[in-house]
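Structure data follow from entry.cif (mmCIF, C-alpha atoms):
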```
data_protein
#
loop_
_atom_site.group_PDB
_atom_site.id
_atom_site.type_symbol
_atom_site.label_atom_id
_atom_site.label_comp_id
_atom_site.auth_asym_id
_atom_site.auth_seq_id
_atom_site.Cartn_x
_atom_site.Cartn_y
_atom_site.Cartn_z
ATOM 1 C CA MET A 1 4.221 -8.471 14.182
ATOM 2 C CA LYS A 2 0.886 -7.404 15.631
ATOM 3 C CA PHE A 3 -1.968 -7.407 13.090
ATOM 4 C CA LEU A 4 -4.694 -4.783 13.554
ATOM 5 C CA ASP A 5 -7.956 -5.086 11.632
ATOM 6 C CA THR A 6 -8.932 -2.551 8.992
ATOM 7 C CA LYS A 7 -12.413 -2.244 7.523
ATOM 8 C CA PHE A 8 -11.385 -4.775 4.854
ATOM 9 C CA LYS A 9 -11.162 -8.540 5.083
ATOM 10 C CA ASP A 10 -7.511 -9.594 4.763
ATOM 11 C CA ALA A 11 -6.032 -6.054 4.897
ATOM 12 C CA TYR A 12 -4.163 -5.222 8.099
ATOM 13 C CA LEU A 13 -2.291 -2.414 9.753
ATOM 14 C CA ILE A 14 0.780 -4.023 11.293
ATOM 15 C CA GLU A 15 2.525 -2.792 14.417
ATOM 16 C CA LEU A 16 6.101 -3.907 14.879
ATOM 17 C CA VAL A 17 6.896 -5.913 17.974
ATOM 18 C CA LYS A 18 10.186 -4.285 18.921
ATOM 19 C CA ILE A 19 12.894 -5.979 20.937
ATOM 20 C CA GLY A 20 15.073 -3.144 22.140
ATOM 21 C CA ASP A 21 18.072 -2.190 24.196
ATOM 22 C CA GLU A 22 20.385 0.819 24.461
ATOM 23 C CA ARG A 23 21.378 0.428 20.799
ATOM 24 C CA GLY A 24 17.839 0.646 19.435
ATOM 25 C CA TYR A 25 15.555 -2.217 18.495
ATOM 26 C CA PHE A 26 15.077 -5.281 16.309
ATOM 27 C CA SER A 27 11.799 -6.290 14.666
ATOM 28 C CA ARG A 28 10.490 -8.523 11.901
ATOM 29 C CA ILE A 29 8.859 -6.875 8.894
ATOM 30 C CA TRP A 30 8.014 -10.120 7.069
ATOM 31 C CA CYS A 31 7.535 -13.587 8.495
ATOM 32 C CA GLU A 32 6.414 -16.465 6.289
ATOM 33 C CA LYS A 33 5.199 -18.494 9.291
ATOM 34 C CA THR A 34 3.146 -15.619 10.767
ATOM 35 C CA LEU A 35 1.604 -14.709 7.403
ATOM 36 C CA LYS A 36 0.668 -18.354 6.740
ATOM 37 C CA GLU A 37 -0.946 -18.579 10.193
ATOM 38 C CA LYS A 38 -3.079 -15.508 9.304
ATOM 39 C CA GLY A 39 -4.081 -17.141 6.017
ATOM 40 C CA LEU A 40 -2.162 -14.505 4.035
ATOM 41 C CA ASN A 41 0.197 -14.864 1.083
ATOM 42 C CA PRO A 42 3.693 -15.502 2.547
ATOM 43 C CA ASN A 43 5.729 -15.445 -0.693
ATOM 44 C CA ILE A 44 8.137 -12.698 -1.706
ATOM 45 C CA ALA A 45 8.837 -12.292 -5.416
ATOM 46 C CA GLN A 46 10.538 -8.886 -5.231
ATOM 47 C CA ILE A 47 11.223 -5.994 -2.870
ATOM 48 C CA ASN A 48 10.540 -2.464 -4.126
ATOM 49 C CA THR A 49 11.443 0.983 -2.891
ATOM 50 C CA SER A 50 10.213 4.439 -3.812
ATOM 51 C CA PHE A 51 11.564 7.906 -2.978
ATOM 52 C CA ASN A 52 9.734 11.228 -3.233
ATOM 53 C CA ALA A 53 11.576 14.529 -2.915
ATOM 54 C CA GLU A 54 8.507 16.760 -2.480
ATOM 55 C CA LYS A 55 5.649 16.807 -0.025
ATOM 56 C CA GLY A 56 2.365 16.348 -1.925
ATOM 57 C CA THR A 57 3.774 13.893 -4.501
ATOM 58 C CA LEU A 58 1.110 11.313 -5.307
ATOM 59 C CA ARG A 59 1.666 7.824 -6.703
ATOM 60 C CA GLY A 60 -1.182 5.543 -7.707
ATOM 61 C CA LEU A 61 -3.682 4.061 -7.650
ATOM 62 C CA HIS A 62 -2.009 0.884 -8.981
ATOM 63 C CA TYR A 63 -2.712 -2.836 -9.049
ATOM 64 C CA GLN A 64 -1.951 -5.922 -11.097
ATOM 65 C CA LYS A 65 -4.717 -7.910 -12.768
ATOM 66 C CA SER A 66 -5.053 -11.686 -12.653
ATOM 67 C CA PRO A 67 -3.074 -13.885 -13.039
ATOM 68 C CA HIS A 68 -0.424 -11.592 -11.505
ATOM 69 C CA GLU A 69 -2.328 -10.077 -8.575
ATOM 70 C CA GLU A 70 0.013 -9.191 -5.745
ATOM 71 C CA ALA A 71 -0.072 -8.651 -2.014
ATOM 72 C CA LYS A 72 2.443 -6.299 -0.413
ATOM 73 C CA ILE A 73 3.474 -4.819 2.913
ATOM 74 C CA ILE A 74 4.034 -1.059 2.740
ATOM 75 C CA SER A 75 6.526 0.462 5.167
ATOM 76 C CA CYS A 76 7.501 4.134 5.321
ATOM 77 C CA ILE A 77 11.181 4.211 6.252
ATOM 78 C CA LYS A 78 11.780 7.959 5.838
ATOM 79 C CA GLY A 79 9.353 10.821 6.289
ATOM 80 C CA SER A 80 5.595 10.255 6.233
ATOM 81 C CA ILE A 81 2.904 9.192 3.780
ATOM 82 C CA PHE A 82 -0.867 8.931 3.509
ATOM 83 C CA ASP A 83 -1.390 5.425 2.148
ATOM 84 C CA VAL A 84 -4.677 4.482 0.437
ATOM 85 C CA ILE A 85 -6.120 1.114 -0.520
ATOM 86 C CA VAL A 86 -9.262 0.499 -2.577
ATOM 87 C CA ASP A 87 -11.126 -2.817 -2.560
ATOM 88 C CA LEU A 88 -11.580 -3.946 -6.184
ATOM 89 C CA ARG A 89 -12.875 -7.440 -5.353
ATOM 90 C CA GLN A 90 -16.321 -7.473 -6.995
ATOM 91 C CA GLU A 91 -17.670 -10.150 -4.641
ATOM 92 C CA SER A 92 -16.594 -8.223 -1.539
ATOM 93 C CA PRO A 93 -19.108 -6.396 0.690
ATOM 94 C CA THR A 94 -16.600 -3.503 0.744
ATOM 95 C CA TYR A 95 -16.227 -3.348 -3.065
ATOM 96 C CA LEU A 96 -15.061 0.140 -4.214
ATOM 97 C CA GLN A 97 -14.568 1.389 -0.658
ATOM 98 C CA TRP A 98 -11.278 3.004 0.315
ATOM 99 C CA GLN A 99 -9.380 3.536 3.533
ATOM 100 C CA GLY A 100 -6.371 5.720 4.239
ATOM 101 C CA PHE A 101 -3.549 5.206 6.724
ATOM 102 C CA HIS A 102 -0.834 7.540 7.981
ATOM 103 C CA LEU A 103 2.506 5.721 7.909
ATOM 104 C CA ASN A 104 5.752 7.292 9.050
ATOM 105 C CA GLU A 105 9.347 6.602 9.982
ATOM 106 C CA THR A 106 8.750 7.200 13.698
ATOM 107 C CA GLU A 107 5.869 4.814 14.399
ATOM 108 C CA ARG A 108 7.011 2.293 11.768
ATOM 109 C CA THR A 109 3.550 0.769 11.349
ATOM 110 C CA MET A 110 3.093 -1.103 8.106
ATOM 111 C CA LEU A 111 0.141 -1.919 5.863
ATOM 112 C CA TYR A 112 -0.610 -5.380 4.452
ATOM 113 C CA VAL A 113 -2.351 -4.854 1.099
ATOM 114 C CA PRO A 114 -3.935 -8.097 -0.144
ATOM 115 C CA GLU A 115 -4.514 -9.207 -3.716
ATOM 116 C CA GLY A 116 -7.461 -7.466 -5.389
ATOM 117 C CA PHE A 117 -6.755 -3.978 -4.042
ATOM 118 C CA ALA A 118 -5.573 -0.821 -5.771
ATOM 119 C CA HIS A 119 -2.894 1.020 -3.842
ATOM 120 C CA GLY A 120 -1.535 4.543 -3.864
ATOM 121 C CA TYR A 121 0.032 7.039 -1.535
ATOM 122 C CA GLN A 122 0.834 10.687 -1.077
ATOM 123 C CA ALA A 123 4.018 11.991 0.514
ATOM 124 C CA THR A 124 3.075 14.161 3.497
ATOM 125 C CA SER A 125 6.646 15.308 4.094
ATOM 126 C CA ASP A 126 9.646 16.088 1.900
ATOM 127 C CA ASP A 127 12.241 13.361 1.279
ATOM 128 C CA THR A 128 9.935 10.390 1.796
ATOM 129 C CA ALA A 129 10.933 6.771 1.185
ATOM 130 C CA ILE A 130 8.960 3.556 1.314
ATOM 131 C CA ILE A 131 9.911 -0.068 0.948
ATOM 132 C CA TYR A 132 7.539 -2.900 0.145
ATOM 133 C CA PRO A 133 7.989 -6.588 -0.492
ATOM 134 C CA ALA A 134 5.533 -7.927 -3.084
ATOM 135 C CA THR A 135 4.278 -11.464 -3.661
ATOM 136 C CA GLU A 136 4.347 -11.287 -7.477
ATOM 137 C CA PHE A 137 6.855 -10.080 -10.017
ATOM 138 C CA TYR A 138 6.006 -6.865 -11.835
ATOM 139 C CA SER A 139 4.090 -7.808 -14.975
ATOM 140 C CA PRO A 140 3.638 -4.987 -17.534
ATOM 141 C CA GLU A 141 0.790 -6.837 -19.277
ATOM 142 C CA SER A 142 -1.107 -7.108 -15.960
ATOM 143 C CA GLU A 143 -0.478 -3.531 -14.830
ATOM 144 C CA ALA A 144 -3.624 -1.499 -14.208
ATOM 145 C CA GLY A 145 -4.777 1.550 -12.311
ATOM 146 C CA VAL A 146 -7.607 3.789 -11.243
ATOM 147 C CA ARG A 147 -7.547 7.584 -11.342
ATOM 148 C CA TRP A 148 -6.466 9.100 -8.044
ATOM 149 C CA ASN A 149 -9.392 11.558 -8.169
ATOM 150 C CA ASP A 150 -12.122 9.219 -9.454
ATOM 151 C CA PRO A 151 -15.440 10.737 -8.284
ATOM 152 C CA ALA A 152 -16.829 7.232 -7.656
ATOM 153 C CA LEU A 153 -14.226 6.833 -4.883
ATOM 154 C CA ASN A 154 -14.066 10.418 -3.582
ATOM 155 C CA ILE A 155 -10.714 9.867 -1.843
ATOM 156 C CA GLU A 156 -9.821 12.640 0.588
ATOM 157 C CA TRP A 157 -6.116 13.234 -0.019
ATOM 158 C CA PRO A 158 -4.574 15.349 2.777
ATOM 159 C CA LEU A 159 -2.693 17.707 0.411
ATOM 160 C CA GLU A 160 -3.143 19.103 -3.069
ATOM 161 C CA PRO A 161 -1.570 16.359 -5.235
ATOM 162 C CA ILE A 162 1.578 17.240 -7.206
ATOM 163 C CA ASN A 163 4.153 15.403 -9.325
ATOM 164 C CA LEU A 164 1.836 12.753 -10.745
ATOM 165 C CA SER A 165 3.286 10.565 -13.462
ATOM 166 C CA LYS A 166 1.781 10.757 -16.961
ATOM 167 C CA LYS A 167 0.553 7.185 -16.497
ATOM 168 C CA ASP A 168 -1.231 8.066 -13.232
ATOM 169 C CA GLU A 169 -2.860 11.085 -14.892
ATOM 170 C CA LEU A 170 -4.178 8.864 -17.703
ATOM 171 C CA TRP A 171 -5.787 6.018 -15.727
ATOM 172 C CA SER A 172 -9.533 5.824 -16.363
ATOM 173 C CA ASN A 173 -12.282 6.410 -13.841
ATOM 174 C CA LEU A 174 -14.065 3.235 -12.739
ATOM 175 C CA ASN A 175 -17.297 4.144 -14.537
ATOM 176 C CA THR A 176 -15.731 4.920 -17.929
#
```

Just give me the structure as structure tokens.
Amino acid sequence: MKFLDTKFKDAYLIELVKIGDERGYFSRIWCEKTLKEKGLNPNIAQINTSFNAEKGTLRGLHYQKSPHEEAKIISCIKGSIFDVIVDLRQESPTYLQWQGFHLNETERTMLYVPEGFAHGYQATSDDTAIIYPATEFYSPESEAGVRWNDPALNIEWPLEPINLSKKDELWSNLNT
């Protein structure tokens, strides 16, 4: 796993270190030892997957509040997505800033999303699937979100968003 800096402290784009032969390749997508060495949360509580049939489908922006904040590693295993993280750590110099990443099945880069960040993504191809291990169990009482089109964030989604869940449509803007 090769960790590439993003504009955020503790958030990383991860390139797979592939060991290959004529059959294909092998690579780690989670390594407790490597994550510990980087000072990151190495625990896995659950592994989630999500599938989107239509290009333009948008999910997010989601996070879990304390005491159930979670870190996760997002990997697009089919198709392509535009993945967005938003820094919600009030003490951070990058508070309320966002950054987007193109993840796809060909390059197989991944995104480490630390605790204290909202996360969402948009499918940029049909039949898109992601998988992501998370460091905390889903906790309905800690579930929270930010509107995908909050003017305070001004996120530049690559496509006109479609297929939002009712819950994602109802999240509040940050300033309300």

task = Given the file shown, enumerate the residues that the PyMOL selection byres ((chain A and resi 152) around 8) captures and present them as a VMD selection string.
result = chain A and resid 150 to 151 153 to 154 173 to 175

message = Calculated over all atoms listed in the file, which of the candidates A:Asp126, A:Lys78, A:Gly60, A:Glu136 has the smallest distance to Asn149 of chain A?
response =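 Ranked by minimum distance to Asn149 of chain A, first place goes to A:Gly60.
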
message = Ranking A:Leu35, A:Leu61, A:Leu4, A:Leu13 by minimum distance to Glu143 of chain A and counting only C-alpha atoms, which one comes first?
response =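 Between A:Leu35, A:Leu61, A:Leu4, A:Leu13, the residue approaching Glu143 of chain A most closely is A:Leu61.
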
message = Using only C-alpha atoms, can you tell me which of A:Phe101, A:Trp30, A:Tyr121, A:Phe82 comes closest to Thr135 of chain A?
response = A:Trp30

inquiry  = So the first atom is atom CA of Ala134 of chain A and the second is atom CA of Ser165 of chain A; what is the distance between them in Å, to one decimal place?
reply    =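 Taking atom CA of Ala134 of chain A as the start and atom CA of Ser165 of chain A as the end point, the length is 21.3 Å.
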
query = Which residue gives the smallest distance to Thr57 of chain A among A:Asp127, A:Asp10, A:Glu141, A:Glu22, with all atoms listed in the file counted?
reply =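 Using all atoms listed in the file, Thr57 of chain A sits closest to A:Asp127.
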
message = Show me, as a PyMOL selection string, the residues that have an atom within 12 Å of Asp5 of chain A when counting only C-alpha atoms, minus same-chain residues fewer than 2 positions from it.
response = chain A and resi 2-3+7-15+38+99+111-113

request  = Given the file shown, determine the residues that the PyMOL selection byres ((chain A and resi 108) around 9) selects; report them as a list in words.
outcome  =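 When the PyMOL selection byres ((chain A and resi 108) around 9) is applied to the shown file, the picked residues are Ile14, Glu15, Leu16, Ser75, Cys76, Ile77, Leu103, Asn104, Glu105, Thr106, Glu107, Thr109 and Met110 of chain A.
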
ask   = With all atoms listed in the file as the atoms that count, which of A:Asn163, A:Asp87, A:Ser92, A:Glu32 lies nearest to Glu54 of chain A?
value =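 Among the listed residues, A:Asn163 lies closest to Glu54 of chain A.
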
d(atom CA of His62 of chain A, atom CA of Phe117 of chain A) in Å =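 Distance reported for this atom pair: 8.4 Å.
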
ask   = Distance atom CA of Ser80 of chain A-atom CA of Asn52 of chain A, one decimal place?
value =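 Separation between atom CA of Ser80 of chain A and atom CA of Asn52 of chain A: 10.4 Å.
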
inquiry  = Restricting the calculation to all atoms listed in the file: of A:Gly116, A:Ile47, A:Ile155, A:Glu70, which residue gets closest to Gln90 of chain A?
reply    =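 The shortest atom-to-atom distance to Gln90 of chain A comes from A:Gly116.
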
Under the PyMOL selection byres ((chain A and resi 46) around 12), which residues of this model are included? Write them out as a JSON list (two decimals) with C-alpha atoms, in the coordinates of the input.
```
[["chain", "number", "residue", "atom", "x", "y", "z"],
["A", 43, "ASN", "CA", 5.73, -15.44, -0.69],
["A", 44, "ILE", "CA", 8.14, -12.70, -1.71],
["A", 45, "ALA", "CA", 8.84, -12.29, -5.42],
["A", 47, "ILE", "CA", 11.22, -5.99, -2.87],
["A", 48, "ASN", "CA", 10.54, -2.46, -4.13],
["A", 49, "THR", "CA", 11.44, 0.98, -2.89],
["A", 70, "GLU", "CA", 0.01, -9.19, -5.74],
["A", 71, "ALA", "CA", -0.07, -8.65, -2.01],
["A", 72, "LYS", "CA", 2.44, -6.30, -0.41],
["A", 73, "ILE", "CA", 3.47, -4.82, 2.91],
["A", 131, "ILE", "CA", 9.91, -0.07, 0.95],
["A", 132, "TYR", "CA", 7.54, -2.90, 0.14],
["A", 133, "PRO", "CA", 7.99, -6.59, -0.49],
["A", 134, "ALA", "CA", 5.53, -7.93, -3.08],
["A", 135, "THR", "CA", 4.28, -11.46, -3.66],
["A", 136, "GLU", "CA", 4.35, -11.29, -7.48],
["A", 137, "PHE", "CA", 6.86, -10.08, -10.02],
["A", 138, "TYR", "CA", 6.01, -6.86, -11.84],
["A", 139, "SER", "CA", 4.09, -7.81, -14.98]]
```

message = Give me the residues near Gly100 of chain A as a PyMOL selection string, where near means some atom within 7 Å (using only C-alpha atoms) and where sequence neighbours in that chain fewer than 6 positions away do not count.
response = chain A and resi 82-85

Got a sec: who's within 9 Å of Thr34 of chain A, counting only C-alpha atoms, leaving out chain neighbours fewer than 6 positions off, as a short mmCIF file (atom, residue, chain, number, x, y, z; two decimals) with C-alpha atoms, in the coordinates of the input?
```
data_model
loop_
_atom_site.label_atom_id
_atom_site.label_comp_id
_atom_site.auth_asym_id
_atom_site.auth_seq_id
_atom_site.Cartn_x
_atom_site.Cartn_y
_atom_site.Cartn_z
CA MET A 1 4.22 -8.47 14.18
CA LEU A 40 -2.16 -14.50 4.04
CA PRO A 42 3.69 -15.50 2.55
#
```

query = Within 8 Å of Asp168 of chain A, counting all atoms listed in the file, which residues qualify if same-chain residues fewer than 6 places away don't, as a PyMOL selection string?
reply = chain A and resi 59-61+145-148

As JSON: centre and edge lengths in Å, one decimal, of the axis-aligned box holding segment 97-111 of chain A with 6 Å per side:
```
{"center_x": -2.6, "center_y": 2.8, "center_z": 6.9, "size_x": 35.9, "size_y": 21.5, "size_z": 27.1}
```
